[in-house]
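Each remark here refers to the structure printed beneath this line.
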Protein chains: 2
Amino acid sequence: MASIKDVAKACGCSISTVSYALNNDKRIPEVTAKRIKSIAEEIGYFPSGAARNLKKRNTKRILVAISNFGGPVYHELLEGIHYQLQKNGYTMIVSTGASSDTLLKERSADGAIITDINIATEMLLQIAKNFRPIIVLDRRIEDESVYNMTINNQKAMYELTKAVIKKGYKKIAYVHGVRDVFDNVTRYDGFNQAMKEQDMTVFNEYSGNFTKESGVEIALSIIQEQSPVPDMFICSNDEMAIGIMETMQNHGYSIPNDFGISGFDDIELAQYTTPLLSTVKINHFEWGKSIAKNILKLLNFEKTDISQQKGEIMIRDSF
Amino acid sequence: MASIKDVAKACGCSISTVSYALNNDKRIPEVTAKRIKSIAEEIGYFPSGAARNLKKRNTKRILVAISNFGGPVYHELLEGIHYQLQKNGYTMIVSTGASSDTLLKERSADGAIITDINIATEMLLQIAKNFRPIIVLDRRIEDESVYNMTINNQKAMYELTKAVIKKGYKKIAYVHGVRDVFDNVTRYDGFNQAMKEQDMTVFNEYSGNFTKESGVEIALSIIQEQSPVPDMFICSNDEMAIGIMETMQNHGYSIPNDFGISGFDDIELAQYTTPLLSTVKINHFEWGKSIAKNILKLLNFEKTDISQQKGEIMIRDSF
DNA sequence: GTGAAAGCGCTAACAC
DNA sequence: GTGTTAGCGCTTTCAC
């Protein structure tokens, strides 16, 4: 592995001159710099990140820890984060599972964005003792060493529920995602707030886990047990809604004639269902951008933008 | 940022003792090690990756460069790679776009897996002068500094096409993904081989780009221009097939009565279409595992397993 | 304009 | 069993 020494030797100059030339220091005249660069290229030399990071005490990298690479939501979020970081000369690295733990402990990046509920809060706080900034997206941690950014789930779900009630639905059920998770809890709060405000009682509550499969299961159990069917399913996300829709339709139900249904997120698929799914649109790309902007501000100890990402009610054809 | 010195000071011992203790060197007695570890934990100290990587001349990381975080295929591939790396004490970092270039140049990992056609072959070879191993998944590079791993697209598509012909389809059309890309070219080769072997002439060829949207567009243009409809669409991947299916169905066509259709990959969605999509199943999780196994072998200069990933014909209901 | 040298935070060889 | 020290490959201060 060629190092700066090899380049220096090949150029007949010192390593500092090579370093200056490669970093475009104006002290080195154009000609010399050009010569050094072409020799470096010939050798295939690029400065070692590990060495530079150690010396400069930064990496110009941001780590994003996600819980898995599937799911329709991360995609745009990551693109948004990457877009903004790139624009500011930063690199994005993405990790999951145990890899995230290791990378965080090693401080493989200048900052981290966490959206992986599997990373324990306790561990995060331990890491935060010696590493900052960390932005957490999937929960609220009330500790000054960690920063929270969240979607305004409550307000969006409150408004969606109001729209549902206004349409005249009476037997309204709620479909939970993973119970204690921030997104589920706050969406449920918004739902409840609207229901209480309008003196409505909840017809039923079902428990899923944010996946389409769990929606399928919920629908299947309703059909098999011949349970009373609500006239409206308000789901904690799109994927569960789509699972319920398709399964109920396959069993002869017609939407929105037999019942209405809504989702949350506005994933791409929501625009391809029949009928088109009514939902809350979250612009994850834009959200990603603002997350990245905030982490860059935190790196410079600047004040962050603490506003929550807003959702937009999309009333289409499913209720 | 606490360093090993801070821990040594707090422990009243030298930095080497701290290093030994934290790395479970047997020379340090249990009690001492325990004491040092607990002090380190209290401080929130974790060894700096940059420093360790520099000293040890490795990172225990593998970089995976992908073209985007969307798409239904990467998901399982990444999980497979991660699973195997984890098992062997390696960490996986994932990157896209310009970030990948930077990370490769800096040698931020001990090896790299590339499945991003946007990274120019020329640049890859430049990087490979000083960095190995690199495994490339999305093209063939005939250069000893880079290793190729591919799916046996040709054989799988050959067999699928033979099955189609055997069913009696006569007006068989091929739907291309991105033209010059390895997956498309080799799948098309397999298709052609089977067609020629059976003295069949190709009814038509359409050009997409592997996305569902491009499938939708192809179908739309057929309908709008009232072009003759093939009795079979052999598509270069599932997503395009699904786009064509849905669009044609929305315009009154019935599958497989009016025509048959096939995909490639067996993405999750293929199991939810009506009718169920016939396709070639690629086990991307297993493939990811073998890719990871190979890169670990390459790290140790061991001989790799050069077999191509096989596809399995899944004849369901769409032809 | 160029070079010598210190030092980033570790690991590990060596000395005691 | 513990400490001293060299050195990984860079950047950057300081001298010339």
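We name chains A, B, ... following the order of the structure tokens; residues begin at 1 in each chain, and ligands are numbered from 1 as shown.
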Which residues of chain A have any atom within 8 Å of an atom in chain C when counting only C-alpha atoms (C1' of nucleotides), and what is the closest pair of atoms for each, with the distance in Å to one decimal? Order the rows by chain and rising number and write it as a tab-separated table.
```
residue	atom	partner	partner_atom	distance
A:Ser14	CA	C:DG3	C1'	6.2
A:Ser16	CA	C:DG3	C1'	7.2
A:Thr17	CA	C:DT2	C1'	6.7
A:Arg27	CA	C:DG1	C1'	6.6
A:Ile28	CA	C:DG1	C1'	6.5
A:Pro29	CA	C:DG1	C1'	7.9
A:Leu54	CA	C:DC8	C1'	5.2
A:Lys55	CA	C:DC8	C1'	4.4
A:Lys56	CA	C:DC8	C1'	7.3
A:Arg57	CA	C:DC8	C1'	7.2
```
Go ahead and save the picked residues with C-alpha atoms, as a PDB file, in the first residue's frame.
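Result went into selection_27.pdb, see below:
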```
ATOM      1  CA  SER A  14       9.741  15.763   1.084  1.00  0.00           C
ATOM      2  CA  SER A  16       5.343  17.781   3.439  1.00  0.00           C
ATOM      3  CA  THR A  17       5.630  19.082  -0.093  1.00  0.00           C
ATOM      4  CA  ARG A  27       2.588  27.880  -1.479  1.00  0.00           C
ATOM      5  CA  ILE A  28       3.399  25.150  -3.970  1.00  0.00           C
ATOM      6  CA  PRO A  29       3.735  26.496  -7.508  1.00  0.00           C
ATOM      7  CA  LEU A  54      -6.321  10.764  13.448  1.00  0.00           C
ATOM      8  CA  LYS A  55      -4.306  13.852  12.700  1.00  0.00           C
ATOM      9  CA  LYS A  56      -7.202  16.164  11.903  1.00  0.00           C
ATOM     10  CA  ARG A  57      -9.416  14.772  14.589  1.00  0.00           C
TER      11      ARG A  57
END
```
Cα-based least-squares overlay of chain A on chain B, as a compact mmCIF listing (two decimals) with C-alpha atoms, in the first residue's frame:
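Saved as part07.txt:
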```txt
# COMPACT_ATOMS: atom_id res chain seq x y z
CA MET A 1 -12.96 13.40 24.04
CA ALA A 2 -11.42 11.05 26.52
CA SER A 3 -8.39 9.12 25.32
CA ILE A 4 -6.46 6.19 26.66
CA LYS A 5 -4.31 8.66 28.58
CA ASP A 6 -7.26 9.85 30.61
CA VAL A 7 -8.11 6.30 31.55
CA ALA A 8 -4.50 5.62 32.48
CA LYS A 9 -4.42 8.71 34.64
CA ALA A 10 -7.66 7.79 36.36
CA CYS A 11 -6.35 4.28 36.97
CA GLY A 12 -2.91 5.36 38.08
CA CYS A 13 -1.24 3.08 35.57
CA SER A 14 0.37 3.34 32.14
CA ILE A 15 -1.45 3.49 28.85
CA SER A 16 -0.08 0.13 27.84
CA THR A 17 -1.67 -1.51 30.84
CA VAL A 18 -4.98 0.06 29.92
CA SER A 19 -4.61 -1.15 26.38
CA TYR A 20 -3.79 -4.67 27.51
CA ALA A 21 -6.67 -4.76 29.96
CA LEU A 22 -9.20 -3.52 27.44
CA ASN A 23 -7.99 -6.02 24.88
CA ASN A 24 -8.22 -8.89 27.35
CA ASP A 25 -4.53 -9.68 27.33
CA LYS A 26 -3.96 -12.54 29.77
CA ARG A 27 -0.94 -10.88 31.28
CA ILE A 28 -3.17 -8.51 33.21
CA PRO A 29 -4.72 -10.16 36.26
CA GLU A 30 -8.49 -10.38 36.41
CA VAL A 31 -8.83 -7.86 39.23
CA THR A 32 -6.76 -5.17 37.60
CA ALA A 33 -8.52 -5.67 34.29
CA LYS A 34 -11.91 -5.39 35.95
CA ARG A 35 -10.95 -2.21 37.71
CA ILE A 36 -9.61 -0.63 34.56
CA LYS A 37 -12.65 -1.63 32.58
CA SER A 38 -15.04 -0.17 35.08
CA ILE A 39 -13.14 3.10 35.16
CA ALA A 40 -13.17 3.20 31.38
CA GLU A 41 -16.89 2.61 31.36
CA GLU A 42 -17.46 5.33 33.88
CA ILE A 43 -15.57 7.79 31.75
CA GLY A 44 -17.39 6.51 28.69
CA TYR A 45 -14.14 5.64 27.00
CA PHE A 46 -13.99 3.58 23.83
CA PRO A 47 -10.77 3.29 21.82
CA SER A 48 -10.60 5.57 18.79
CA GLY A 49 -11.16 3.68 15.59
CA ALA A 50 -8.99 6.06 13.61
CA ALA A 51 -6.00 5.49 15.89
CA ARG A 52 -6.46 1.77 16.07
CA ASN A 53 -6.98 1.44 12.35
CA LEU A 54 -3.82 3.37 11.69
CA LYS A 55 -1.77 1.29 14.05
CA LYS A 56 -3.19 -2.09 13.11
CA ARG A 57 -3.41 -1.30 9.46
CA ASN A 58 -6.88 -2.70 9.22
CA THR A 59 -10.38 -1.59 10.03
CA LYS A 60 -12.36 -4.83 10.32
CA ARG A 61 -14.87 -3.13 8.09
CA ILE A 62 -16.21 -3.95 4.66
CA LEU A 63 -17.71 -1.24 2.50
CA VAL A 64 -20.71 -1.96 0.31
CA ALA A 65 -21.35 0.65 -2.36
CA ILE A 66 -24.90 0.60 -3.73
CA SER A 67 -26.57 2.80 -6.29
CA ASN A 68 -29.54 3.73 -4.11
CA PHE A 69 -31.39 2.65 -1.01
CA GLY A 70 -34.64 1.93 -2.79
CA GLY A 71 -35.54 -1.09 -4.78
CA PRO A 72 -36.65 -4.40 -3.45
CA VAL A 73 -33.47 -6.33 -4.24
CA TYR A 74 -30.70 -4.67 -2.23
CA HIS A 75 -32.47 -5.25 1.00
CA GLU A 76 -31.89 -8.98 1.22
CA LEU A 77 -28.49 -8.80 -0.40
CA LEU A 78 -27.30 -6.41 2.28
CA GLU A 79 -28.81 -8.46 5.06
CA GLY A 80 -27.02 -11.52 3.71
CA ILE A 81 -23.69 -9.75 3.49
CA HIS A 82 -24.12 -8.26 6.93
CA TYR A 83 -25.09 -11.55 8.47
CA GLN A 84 -21.95 -13.26 7.27
CA LEU A 85 -19.57 -10.42 8.04
CA GLN A 86 -20.96 -10.08 11.53
CA LYS A 87 -20.40 -13.76 12.09
CA ASN A 88 -16.75 -13.26 11.26
CA GLY A 89 -16.20 -10.20 13.41
CA TYR A 90 -16.47 -7.68 10.61
CA THR A 91 -18.57 -4.58 10.39
CA MET A 92 -20.48 -3.50 7.30
CA ILE A 93 -20.79 0.07 6.12
CA VAL A 94 -23.03 1.01 3.22
CA SER A 95 -22.72 4.05 1.01
CA THR A 96 -24.06 5.57 -2.19
CA GLY A 97 -23.12 8.15 -4.74
CA ALA A 98 -20.18 10.43 -4.17
CA SER A 99 -19.78 9.14 -0.62
CA SER A 100 -18.71 5.81 -2.02
CA ASP A 101 -15.92 7.39 -4.04
CA THR A 102 -14.54 9.17 -1.03
CA LEU A 103 -14.74 6.15 1.23
CA LEU A 104 -13.02 3.97 -1.33
CA LYS A 105 -10.20 6.43 -1.89
CA GLU A 106 -9.62 6.87 1.80
CA ARG A 107 -9.56 3.10 2.29
CA SER A 108 -12.17 3.40 5.01
CA ALA A 109 -12.59 -0.36 4.94
CA ASP A 110 -10.52 -3.49 4.50
CA GLY A 111 -12.37 -4.45 1.37
CA ALA A 112 -15.24 -3.33 -0.81
CA ILE A 113 -18.25 -4.79 -2.55
CA ILE A 114 -19.49 -2.68 -5.42
CA THR A 115 -22.95 -2.82 -6.85
CA ASP A 116 -23.27 0.68 -8.16
CA ILE A 117 -22.98 1.02 -11.89
CA ASN A 118 -22.41 4.76 -11.48
CA ILE A 119 -18.93 4.15 -10.19
CA ALA A 120 -16.85 4.18 -13.35
CA THR A 121 -14.76 1.13 -14.09
CA GLU A 122 -11.80 3.38 -14.72
CA MET A 123 -12.03 4.89 -11.26
CA LEU A 124 -12.42 1.47 -9.75
CA LEU A 125 -9.23 0.30 -11.41
CA GLN A 126 -7.47 3.42 -10.22
CA ILE A 127 -8.54 2.69 -6.67
CA ALA A 128 -7.64 -0.95 -7.05
CA LYS A 129 -4.02 0.02 -7.63
CA ASN A 130 -3.78 0.68 -3.93
CA PHE A 131 -6.69 -1.11 -2.38
CA ARG A 132 -7.81 -4.66 -2.35
CA PRO A 133 -9.91 -6.72 -2.32
CA ILE A 134 -12.74 -5.31 -4.40
CA ILE A 135 -15.64 -7.46 -5.55
CA VAL A 136 -17.84 -6.09 -8.31
CA LEU A 137 -21.35 -7.40 -8.68
CA ASP A 138 -22.93 -5.44 -11.46
CA ARG A 139 -20.53 -5.86 -14.31
CA ARG A 140 -17.61 -7.93 -15.48
CA ILE A 141 -14.21 -6.33 -15.27
CA GLU A 142 -11.47 -8.40 -16.80
CA ASP A 143 -8.63 -7.17 -14.66
CA GLU A 144 -6.86 -9.18 -12.04
CA SER A 145 -7.05 -6.39 -9.47
CA VAL A 146 -10.83 -6.71 -9.19
CA TYR A 147 -13.03 -9.74 -8.60
CA ASN A 148 -16.38 -10.38 -10.24
CA MET A 149 -19.36 -12.16 -8.80
CA THR A 150 -22.51 -12.49 -10.82
CA ILE A 151 -25.83 -14.26 -11.08
CA ASN A 152 -26.15 -16.90 -13.73
CA ASN A 153 -28.72 -14.81 -15.55
CA GLN A 154 -28.21 -16.43 -18.89
CA LYS A 155 -28.95 -19.98 -17.81
CA ALA A 156 -31.97 -18.97 -15.75
CA MET A 157 -33.49 -16.88 -18.53
CA TYR A 158 -32.73 -19.61 -21.04
CA GLU A 159 -34.72 -22.08 -19.00
CA LEU A 160 -37.55 -19.70 -18.33
CA THR A 161 -37.84 -18.96 -22.04
CA LYS A 162 -37.84 -22.65 -22.87
CA ALA A 163 -40.71 -23.16 -20.44
CA VAL A 164 -42.59 -20.31 -22.09
CA ILE A 165 -42.13 -21.76 -25.56
CA LYS A 166 -43.17 -25.17 -24.36
CA LYS A 167 -46.44 -23.73 -23.14
CA GLY A 168 -47.19 -22.82 -26.73
CA TYR A 169 -46.72 -19.06 -26.78
CA LYS A 170 -45.91 -17.80 -30.25
CA LYS A 171 -45.75 -14.00 -30.16
CA ILE A 172 -43.05 -13.59 -27.57
CA ALA A 173 -41.69 -10.15 -26.75
CA TYR A 174 -38.72 -9.16 -24.62
CA VAL A 175 -38.76 -6.21 -22.22
CA HIS A 176 -35.29 -4.77 -21.68
CA GLY A 177 -34.02 -3.09 -18.54
CA VAL A 178 -31.16 -0.62 -18.84
CA ARG A 179 -29.57 -1.73 -22.09
CA ASP A 180 -25.87 -2.19 -21.55
CA VAL A 181 -26.05 -3.34 -17.99
CA PHE A 182 -24.74 -6.80 -17.19
CA ASP A 183 -28.00 -8.16 -15.83
CA ASN A 184 -29.94 -7.05 -18.86
CA VAL A 185 -27.43 -8.21 -21.42
CA THR A 186 -26.98 -11.66 -19.97
CA ARG A 187 -30.68 -12.22 -19.41
CA TYR A 188 -31.32 -11.17 -22.96
CA ASP A 189 -28.62 -13.57 -24.13
CA GLY A 190 -30.33 -16.46 -22.39
CA PHE A 191 -33.64 -15.45 -23.90
CA ASN A 192 -32.17 -15.31 -27.39
CA GLN A 193 -30.39 -18.58 -27.01
CA ALA A 194 -33.64 -20.38 -26.20
CA MET A 195 -35.54 -18.62 -28.96
CA LYS A 196 -32.95 -19.51 -31.58
CA GLU A 197 -32.72 -23.06 -30.42
CA GLN A 198 -36.45 -23.47 -30.94
CA ASP A 199 -36.48 -21.55 -34.21
CA MET A 200 -38.68 -18.84 -32.77
CA THR A 201 -38.66 -15.28 -33.97
CA VAL A 202 -38.90 -12.44 -31.51
CA PHE A 203 -42.27 -10.71 -31.79
CA ASN A 204 -41.07 -7.40 -30.41
CA GLU A 205 -38.63 -5.77 -28.01
CA TYR A 206 -39.39 -2.96 -25.57
CA SER A 207 -37.02 -0.76 -23.63
CA GLY A 208 -37.42 0.03 -19.96
CA ASN A 209 -35.04 0.80 -17.15
CA PHE A 210 -35.84 -1.86 -14.54
CA THR A 211 -38.39 0.31 -12.74
CA LYS A 212 -42.09 -0.31 -12.37
CA GLU A 213 -42.73 3.09 -13.89
CA SER A 214 -40.95 2.12 -17.08
CA GLY A 215 -43.21 -0.93 -17.28
CA VAL A 216 -46.21 1.32 -16.91
CA GLU A 217 -44.94 3.51 -19.73
CA ILE A 218 -44.35 0.60 -22.05
CA ALA A 219 -47.89 -0.67 -21.48
CA LEU A 220 -49.32 2.80 -21.92
CA SER A 221 -47.54 3.31 -25.22
CA ILE A 222 -48.79 -0.04 -26.51
CA ILE A 223 -52.34 0.91 -25.62
CA GLN A 224 -52.17 4.46 -26.91
CA GLU A 225 -50.56 3.52 -30.19
CA GLN A 226 -52.82 0.51 -30.50
CA SER A 227 -49.77 -1.58 -31.32
CA PRO A 228 -50.19 -5.31 -31.70
CA VAL A 229 -50.06 -6.97 -28.28
CA PRO A 230 -47.71 -9.94 -27.86
CA ASP A 231 -49.08 -13.10 -26.34
CA MET A 232 -46.13 -13.17 -23.96
CA PHE A 233 -43.95 -10.53 -22.30
CA ILE A 234 -40.65 -11.82 -21.00
CA CYS A 235 -39.36 -9.05 -18.76
CA SER A 236 -35.82 -8.46 -17.60
CA ASN A 237 -37.07 -8.00 -14.03
CA ASP A 238 -40.14 -8.22 -11.81
CA GLU A 239 -40.73 -4.54 -11.34
CA MET A 240 -41.20 -3.85 -15.03
CA ALA A 241 -43.42 -6.93 -15.30
CA ILE A 242 -45.61 -5.67 -12.47
CA GLY A 243 -45.90 -2.25 -14.08
CA ILE A 244 -47.02 -3.79 -17.35
CA MET A 245 -49.41 -6.20 -15.64
CA GLU A 246 -51.21 -3.59 -13.63
CA THR A 247 -51.49 -1.12 -16.45
CA MET A 248 -52.77 -3.63 -18.97
CA GLN A 249 -55.24 -4.98 -16.44
CA ASN A 250 -56.49 -1.49 -15.76
CA HIS A 251 -57.16 -1.23 -19.47
CA GLY A 252 -59.26 -4.34 -19.57
CA TYR A 253 -56.71 -7.02 -20.41
CA SER A 254 -56.87 -10.28 -18.55
CA ILE A 255 -53.78 -12.26 -17.61
CA PRO A 256 -52.98 -14.98 -18.54
CA ASN A 257 -55.99 -15.15 -20.87
CA ASP A 258 -55.04 -12.30 -23.17
CA PHE A 259 -51.31 -12.69 -22.75
CA GLY A 260 -48.72 -14.17 -20.41
CA ILE A 261 -45.96 -12.34 -18.59
CA SER A 262 -42.84 -13.19 -16.59
CA GLY A 263 -40.35 -11.35 -14.42
CA PHE A 264 -36.95 -11.94 -12.87
CA ASP A 265 -35.73 -11.74 -9.24
CA ASP A 266 -38.82 -12.91 -7.36
CA ILE A 267 -39.19 -9.78 -5.30
CA GLU A 268 -41.56 -9.93 -2.37
CA LEU A 269 -44.27 -8.12 -4.30
CA ALA A 270 -44.32 -10.90 -6.89
CA GLN A 271 -46.16 -12.99 -4.35
CA TYR A 272 -48.92 -10.46 -3.97
CA THR A 273 -49.87 -9.75 -7.57
CA THR A 274 -53.00 -11.11 -9.17
CA PRO A 275 -52.31 -13.40 -10.90
CA LEU A 276 -49.17 -14.50 -9.07
CA LEU A 277 -46.15 -13.56 -11.16
CA SER A 278 -44.06 -16.29 -12.75
CA THR A 279 -40.41 -15.40 -12.44
CA VAL A 280 -36.88 -16.49 -11.67
CA LYS A 281 -36.16 -16.62 -7.99
CA ILE A 282 -32.80 -15.29 -6.90
CA ASN A 283 -32.01 -15.90 -3.28
CA HIS A 284 -30.30 -12.61 -2.58
CA PHE A 285 -29.76 -13.32 1.09
CA GLU A 286 -27.77 -16.45 0.28
CA TRP A 287 -25.97 -14.65 -2.47
CA GLY A 288 -25.02 -11.93 -0.02
CA LYS A 289 -23.61 -14.55 2.29
CA SER A 290 -21.44 -16.05 -0.39
CA ILE A 291 -20.21 -12.65 -1.47
CA ALA A 292 -19.20 -11.91 2.11
CA LYS A 293 -17.51 -15.29 2.41
CA ASN A 294 -15.52 -14.58 -0.69
CA ILE A 295 -14.36 -11.18 0.40
CA LEU A 296 -13.18 -12.64 3.69
CA LYS A 297 -11.27 -15.30 1.76
CA LEU A 298 -9.71 -12.64 -0.43
CA LEU A 299 -8.58 -10.76 2.66
CA ASN A 300 -6.61 -13.85 3.60
CA PHE A 301 -5.40 -14.43 0.07
CA GLU A 302 -7.34 -17.68 -0.06
CA LYS A 303 -8.91 -19.15 -3.14
CA THR A 304 -12.45 -17.96 -3.74
CA ASP A 305 -15.57 -19.80 -4.72
CA ILE A 306 -16.13 -18.62 -8.27
CA SER A 307 -19.48 -20.27 -8.93
CA GLN A 308 -22.27 -18.00 -10.10
CA GLN A 309 -25.42 -17.57 -8.05
CA LYS A 310 -28.14 -19.76 -9.53
CA GLY A 311 -31.72 -18.79 -10.24
CA GLU A 312 -34.75 -20.99 -9.76
CA ILE A 313 -37.65 -20.94 -12.20
CA MET A 314 -40.91 -20.16 -10.41
CA ILE A 315 -43.84 -20.90 -12.64
CA ARG A 316 -46.90 -19.46 -10.99
CA ASP A 317 -50.05 -18.10 -12.61
CA SER A 318 -49.05 -15.29 -14.96
CA PHE A 319 -48.27 -17.57 -17.93
```
Report task. Mind the document's chain letters and residue numbers, and return as a ChimeraX atom specification the residues of range 20-197 of chain A that DSSP labels strand (DSSP E or B). Result -> /A:61-66,91-96,111-115,134-136,147-148,151,172-176
Query raised in the report: Taking only C-alpha atoms (C1' of nucleotides) into account, which residues of chain D are within 12 Å of chain A, as JSON, numbers by chain?
Result: {"D": [8, 9, 10, 11, 12, 13]}
